[in-house]
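Encoded as structure tokens, the structure appears first; notes follow it.
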Amino acid sequence: MGRWIFKTLEFIINSFLNVVYPNDEKCVVCGCYSTRNLCRKCEKNIEFLNSSFSIEHNKNLYKYYSIATHKKAMRDIVIALKYNKNFNAASIIADYMEKLILNKKLSIDVVTFVPMAKRDENRRGFNHSKVIAEFLARKLNKPCVRLIKKKRITKDQIGLSSSERWNNINGSFVYEKKAKKYNSILLVDDVITTGATVINCVDELKKCEIRKIYILTASKSIV
């Protein structure tokens with residue numbers, strides 16, 4: 001009986017996501033027909049990254065993972081989601097994230113995401129990092145929960161220098177109290193550059209004394 005209820009709920013969730021984020025069977029990069037949402041020619045242009053990276057900040061070392069460099073096809077996939085509202089792009093990113101998590105044997109309790117200020121999310125109509133996290137959580141059969149809130153509006157990080165990015169984002173996040181019940185958290189975002197955004201989020205989550213916090217982004221850029 002319990003298994004039947006679980007399967008029914010899973011079907012309802014999958015059906016809902018397929019309606020909200022439909023699959024139009026086109027490559028999100030070049031637009032050609034592809035049942036995989038990304039044709040093999042474009043996939044070959046992704047510069048995959050197979051190792052973890054670290055950022056040092058305030059004498060602390062922060063480890064993170066990125067699927068690929070922010071170039072060519074992966075950059076186009078992120079843009080398709082973020083600016084063109086192509087939610088198939090989020091599904092592609094989530095597929096690659098799932099493979100990395102399984103390959104690296106990362107054990108997590110919950111998937112969360114970098115939040116947006118309410119005004120900015122309303123203007124865009126959605127939070128792209130949340131959409132990726134929702135797709136990924138469904139694939140991993142884990143809950144997707146907002147565990148961080150953005151408490152003030154900041155400038156767009158694009159175009160800012162490294163120091164400007166840190167000054168812009170510092171102190172702009174606050175953790176949600178429900179984060180305290182989790183032991184291992186996966187924090188998802190689209191692009192990491194200096195790491196200012198995700199590290200500020202991680203520092204907030206650390207206040208909850210969470211045992212393990214993983215950082216995973218679609219792509220890795222350089223300012």
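Chain lettering (A, B, ...) mirrors the order of the structure tokens, residue numbering begins at 1 for each chain separately, and ligand numbering begins at 1 in order of display.
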Within 8 Å of range 186-195 of chain A, which residues of range 29-100 of chain A show up? Give each one with its shortest atom-to-atom distance in Å (one decimal) and the two atoms involved, counting only C-alpha atoms, rows by chain then rising residue number, as a tab-separated table.
residue	atom	partner	partner_atom	distance
A:Ile55	CA	A:Gly195	CA	7.2
A:Ser66	CA	A:Ile192	CA	7.9
A:His70	CA	A:Val191	CA	7.4
A:Val78	CA	A:Asp190	CA	6.9
With N, CA, C and O atoms retained, export the selected residues as a compact mmCIF listing (two decimals), in the first residue's frame.
# COMPACT_ATOMS: atom_id res chain seq x y z
N ILE A 55 38.53 27.07 -3.30
CA ILE A 55 38.70 28.51 -3.17
C ILE A 55 39.06 28.81 -1.73
O ILE A 55 38.40 28.33 -0.80
N SER A 66 32.17 21.55 -10.47
CA SER A 66 31.49 22.16 -11.61
C SER A 66 31.46 21.13 -12.74
O SER A 66 32.41 20.37 -12.92
N HIS A 70 32.73 27.42 -18.37
CA HIS A 70 31.65 28.27 -18.87
C HIS A 70 32.00 28.77 -20.27
O HIS A 70 32.25 29.97 -20.50
N VAL A 78 23.38 27.28 -20.20
CA VAL A 78 23.06 28.14 -19.05
C VAL A 78 22.28 29.37 -19.51
O VAL A 78 21.28 29.76 -18.89
Item to check | Spatial neighbours of range 90-99 of chain A, max dist 7 Å, only C-alpha atoms, sep filter under 6 positions, as a PyMOL selection string | outcome: chain A and resi 67+81+131-132+135-136+218
Atoms kept (N, CA and C atoms) for selection, written as a compact mmCIF listing (two decimals), in the first residue's frame:
# COMPACT_ATOMS: atom_id res chain seq x y z
N ILE A 67 30.37 21.13 -13.49
CA ILE A 67 30.23 20.17 -14.58
C ILE A 67 31.21 20.47 -15.71
N LEU A 81 18.63 28.63 -20.35
CA LEU A 81 17.78 28.55 -19.16
C LEU A 81 17.55 29.93 -18.55
N VAL A 131 15.23 25.90 -10.32
CA VAL A 131 14.73 24.99 -11.35
C VAL A 131 15.70 23.83 -11.55
N ILE A 132 17.00 24.13 -11.61
CA ILE A 132 18.01 23.07 -11.73
C ILE A 132 17.92 22.14 -10.53
N PHE A 135 14.90 19.73 -10.69
CA PHE A 135 15.13 18.61 -11.61
C PHE A 135 16.09 17.59 -11.00
N LEU A 136 17.17 18.09 -10.40
CA LEU A 136 18.18 17.21 -9.81
C LEU A 136 17.62 16.43 -8.64
N ALA A 218 26.75 24.31 -12.54
CA ALA A 218 26.73 23.85 -13.93
C ALA A 218 28.07 24.13 -14.61
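Each of A:Ile148, A:Ile158, A:Leu100, A:Ile199 was compared to Asn170 in chain A using only C-alpha atoms, and A:Ile199 turns out to be the nearest.
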Item to check | alpha helix (DSSP H) per DSSP on the backbone: members of range 41-217 of chain A, as a PyMOL selection string | outcome: chain A and resi 41-43+72-82+88-104+118-124+128-140+162-169+196-206
Checklist entry - Which neighbours of Lys142 in chain A fall inside 7 Å, counting only C-alpha atoms, when residues of the same chain fewer than 6 positions from it are skipped, and could you give them as a PyMOL selection string? => result chain A and resi 109-111
Selected residues, N, CA, C and O atoms, written as an mmCIF file, in the first residue's frame, please.
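Once everything was written out, this is selection20.cif:
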data_model
loop_
_atom_site.group_PDB
_atom_site.id
_atom_site.type_symbol
_atom_site.label_atom_id
_atom_site.label_comp_id
_atom_site.auth_asym_id
_atom_site.auth_seq_id
_atom_site.Cartn_x
_atom_site.Cartn_y
_atom_site.Cartn_z
ATOM 1 N N ASP A 109 21.456 14.601 2.001
ATOM 2 C CA ASP A 109 20.101 14.462 2.545
ATOM 3 C C ASP A 109 19.097 15.316 1.784
ATOM 4 O O ASP A 109 17.925 14.964 1.686
ATOM 5 N N VAL A 110 19.564 16.459 1.273
ATOM 6 C CA VAL A 110 18.646 17.418 0.670
ATOM 7 C C VAL A 110 19.384 18.257 -0.371
ATOM 8 O O VAL A 110 20.594 18.471 -0.266
ATOM 9 N N VAL A 111 18.639 18.711 -1.367
ATOM 10 C CA VAL A 111 19.177 19.615 -2.387
ATOM 11 C C VAL A 111 18.609 21.005 -2.124
ATOM 12 O O VAL A 111 17.397 21.172 -1.950
#
Checklist entry - Neighbours of Lys206 in chain A within 12 Å (only C-alpha atoms; same-chain residues fewer than 2 positions away dropped), as a list in words? => result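 Listing them by chain and then by number gives Tyr62, Leu147, Ile148, Val174, Tyr175, Glu176, Lys177, Ala179, Lys180, Tyr182, Asn183, Ser184, Ile185, Ile199, Asn200, Cys201, Val202, Asp203, Glu204, Cys208, Glu209, Ile210, Arg211, Lys212, Ile213 and Tyr214 of chain A.
Comparing the minimum interatomic distances between Leu106 in chain A and each of A:Arg146, A:Ser129, A:Cys39, A:Tyr64, counting only C-alpha atoms, we find that A:Tyr64 sits nearest.
Shortest separation to Met74 in chain A among A:Ser221, A:Cys32, A:Ser54, A:Leu61 occurs at residue A:Ser221, atoms counted being only C-alpha atoms.
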Item to check | Trp166 in chain A environment, 12 Å, only C-alpha atoms, sequence neighbours closer than 2 positions dropped, as a ChimeraX atom specification | outcome: /A:57-58,154-157,160-164,168-172,193-200
Write out, as a JSON list (two decimals), in the first residue's frame, the residues just selected, with N, CA, C and O atoms.
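out-v1.json, freshly written:
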[["chain", "number", "residue", "atom", "x", "y", "z"],
["A", 57, "HIS", "N", 39.24, 31.49, 1.26],
["A", 57, "HIS", "CA", 38.66, 32.78, 1.66],
["A", 57, "HIS", "C", 38.69, 32.88, 3.18],
["A", 57, "HIS", "O", 38.22, 31.98, 3.88],
["A", 58, "ASN", "N", 39.27, 33.98, 3.67],
["A", 58, "ASN", "CA", 39.39, 34.20, 5.12],
["A", 58, "ASN", "C", 40.04, 33.00, 5.82],
["A", 58, "ASN", "O", 39.58, 32.55, 6.88],
["A", 154, "THR", "N", 21.02, 43.05, -4.34],
["A", 154, "THR", "CA", 22.40, 43.37, -4.71],
["A", 154, "THR", "C", 22.48, 43.66, -6.21],
["A", 154, "THR", "O", 21.54, 43.38, -6.95],
["A", 155, "LYS", "N", 23.60, 44.21, -6.62],
["A", 155, "LYS", "CA", 23.83, 44.44, -8.05],
["A", 155, "LYS", "C", 24.04, 43.10, -8.75],
["A", 155, "LYS", "O", 24.42, 42.11, -8.13],
["A", 156, "ASP", "N", 23.83, 43.09, -10.05],
["A", 156, "ASP", "CA", 24.18, 41.91, -10.84],
["A", 156, "ASP", "C", 25.69, 41.74, -10.79],
["A", 156, "ASP", "O", 26.44, 42.71, -10.97],
["A", 157, "GLN", "N", 26.15, 40.51, -10.55],
["A", 157, "GLN", "CA", 27.58, 40.26, -10.42],
["A", 157, "GLN", "C", 28.33, 40.38, -11.75],
["A", 157, "GLN", "O", 29.55, 40.59, -11.77],
["A", 160, "LEU", "N", 31.40, 42.92, -12.71],
["A", 160, "LEU", "CA", 32.12, 43.40, -11.53],
["A", 160, "LEU", "C", 33.47, 42.70, -11.39],
["A", 160, "LEU", "O", 33.62, 41.54, -11.79],
["A", 161, "SER", "N", 34.43, 43.38, -10.81],
["A", 161, "SER", "CA", 35.73, 42.77, -10.55],
["A", 161, "SER", "C", 35.60, 41.79, -9.39],
["A", 161, "SER", "O", 34.56, 41.73, -8.72],
["A", 162, "SER", "N", 36.66, 41.03, -9.13],
["A", 162, "SER", "CA", 36.63, 40.05, -8.04],
["A", 162, "SER", "C", 36.31, 40.70, -6.70],
["A", 162, "SER", "O", 35.41, 40.25, -5.97],
["A", 163, "SER", "N", 37.00, 41.78, -6.36],
["A", 163, "SER", "CA", 36.76, 42.44, -5.07],
["A", 163, "SER", "C", 35.37, 43.06, -5.01],
["A", 163, "SER", "O", 34.71, 43.05, -3.97],
["A", 164, "GLU", "N", 34.90, 43.59, -6.14],
["A", 164, "GLU", "CA", 33.57, 44.19, -6.19],
["A", 164, "GLU", "C", 32.49, 43.12, -5.98],
["A", 164, "GLU", "O", 31.45, 43.39, -5.35],
["A", 168, "ASN", "N", 29.87, 43.26, -2.97],
["A", 168, "ASN", "CA", 28.48, 43.35, -3.38],
["A", 168, "ASN", "C", 27.60, 42.32, -2.67],
["A", 168, "ASN", "O", 26.47, 42.61, -2.28],
["A", 169, "ILE", "N", 28.14, 41.13, -2.49],
["A", 169, "ILE", "CA", 27.31, 40.01, -2.02],
["A", 169, "ILE", "C", 27.43, 39.74, -0.53],
["A", 169, "ILE", "O", 26.56, 39.10, 0.08],
["A", 170, "ASN", "N", 28.52, 40.21, 0.10],
["A", 170, "ASN", "CA", 28.75, 39.91, 1.53],
["A", 170, "ASN", "C", 27.56, 40.32, 2.41],
["A", 170, "ASN", "O", 27.04, 41.42, 2.30],
["A", 171, "GLY", "N", 27.15, 39.38, 3.25],
["A", 171, "GLY", "CA", 26.08, 39.67, 4.21],
["A", 171, "GLY", "C", 24.69, 39.75, 3.64],
["A", 171, "GLY", "O", 23.77, 40.24, 4.30],
["A", 172, "SER", "N", 24.49, 39.25, 2.41],
["A", 172, "SER", "CA", 23.18, 39.38, 1.77],
["A", 172, "SER", "C", 22.29, 38.16, 1.96],
["A", 172, "SER", "O", 21.13, 38.16, 1.54],
["A", 193, "THR", "N", 32.22, 31.86, -10.29],
["A", 193, "THR", "CA", 33.32, 32.67, -10.82],
["A", 193, "THR", "C", 34.34, 32.89, -9.70],
["A", 193, "THR", "O", 35.29, 32.14, -9.56],
["A", 194, "THR", "N", 34.12, 33.87, -8.87],
["A", 194, "THR", "CA", 35.01, 34.07, -7.71],
["A", 194, "THR", "C", 34.60, 33.17, -6.54],
["A", 194, "THR", "O", 35.39, 32.91, -5.64],
["A", 195, "GLY", "N", 33.35, 32.73, -6.56],
["A", 195, "GLY", "CA", 32.82, 31.92, -5.46],
["A", 195, "GLY", "C", 32.16, 32.74, -4.37],
["A", 195, "GLY", "O", 31.69, 32.20, -3.37],
["A", 196, "ALA", "N", 32.10, 34.05, -4.55],
["A", 196, "ALA", "CA", 31.55, 34.94, -3.52],
["A", 196, "ALA", "C", 30.13, 34.56, -3.12],
["A", 196, "ALA", "O", 29.79, 34.52, -1.94],
["A", 197, "THR", "N", 29.30, 34.27, -4.10],
["A", 197, "THR", "CA", 27.89, 33.96, -3.82],
["A", 197, "THR", "C", 27.74, 32.66, -3.05],
["A", 197, "THR", "O", 27.12, 32.62, -1.98],
["A", 198, "VAL", "N", 28.29, 31.58, -3.58],
["A", 198, "VAL", "CA", 28.10, 30.27, -2.91],
["A", 198, "VAL", "C", 28.80, 30.22, -1.57],
["A", 198, "VAL", "O", 28.31, 29.60, -0.62],
["A", 199, "ILE", "N", 29.96, 30.88, -1.44],
["A", 199, "ILE", "CA", 30.68, 30.86, -0.17],
["A", 199, "ILE", "C", 29.91, 31.62, 0.90],
["A", 199, "ILE", "O", 29.85, 31.20, 2.07],
["A", 200, "ASN", "N", 29.27, 32.73, 0.53],
["A", 200, "ASN", "CA", 28.43, 33.43, 1.49],
["A", 200, "ASN", "C", 27.24, 32.56, 1.92],
["A", 200, "ASN", "O", 26.84, 32.58, 3.09]]
Checklist entry - Which of chain A counts as strand (DSSP E or B) under DSSP, as a PyMOL selection string please? => result chain A and resi 26+33+48+53-57+60-69+110-113+144+148-150+173-175+184-192+212-220
Checklist entry - Between CA of Pro115 in chain A and CA of Phe48 in chain A, what is the distance, to one decimal in Å? => result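 Spanning CA of Pro115 in chain A to CA of Phe48 in chain A is a straight-line distance of 25.7 Å.
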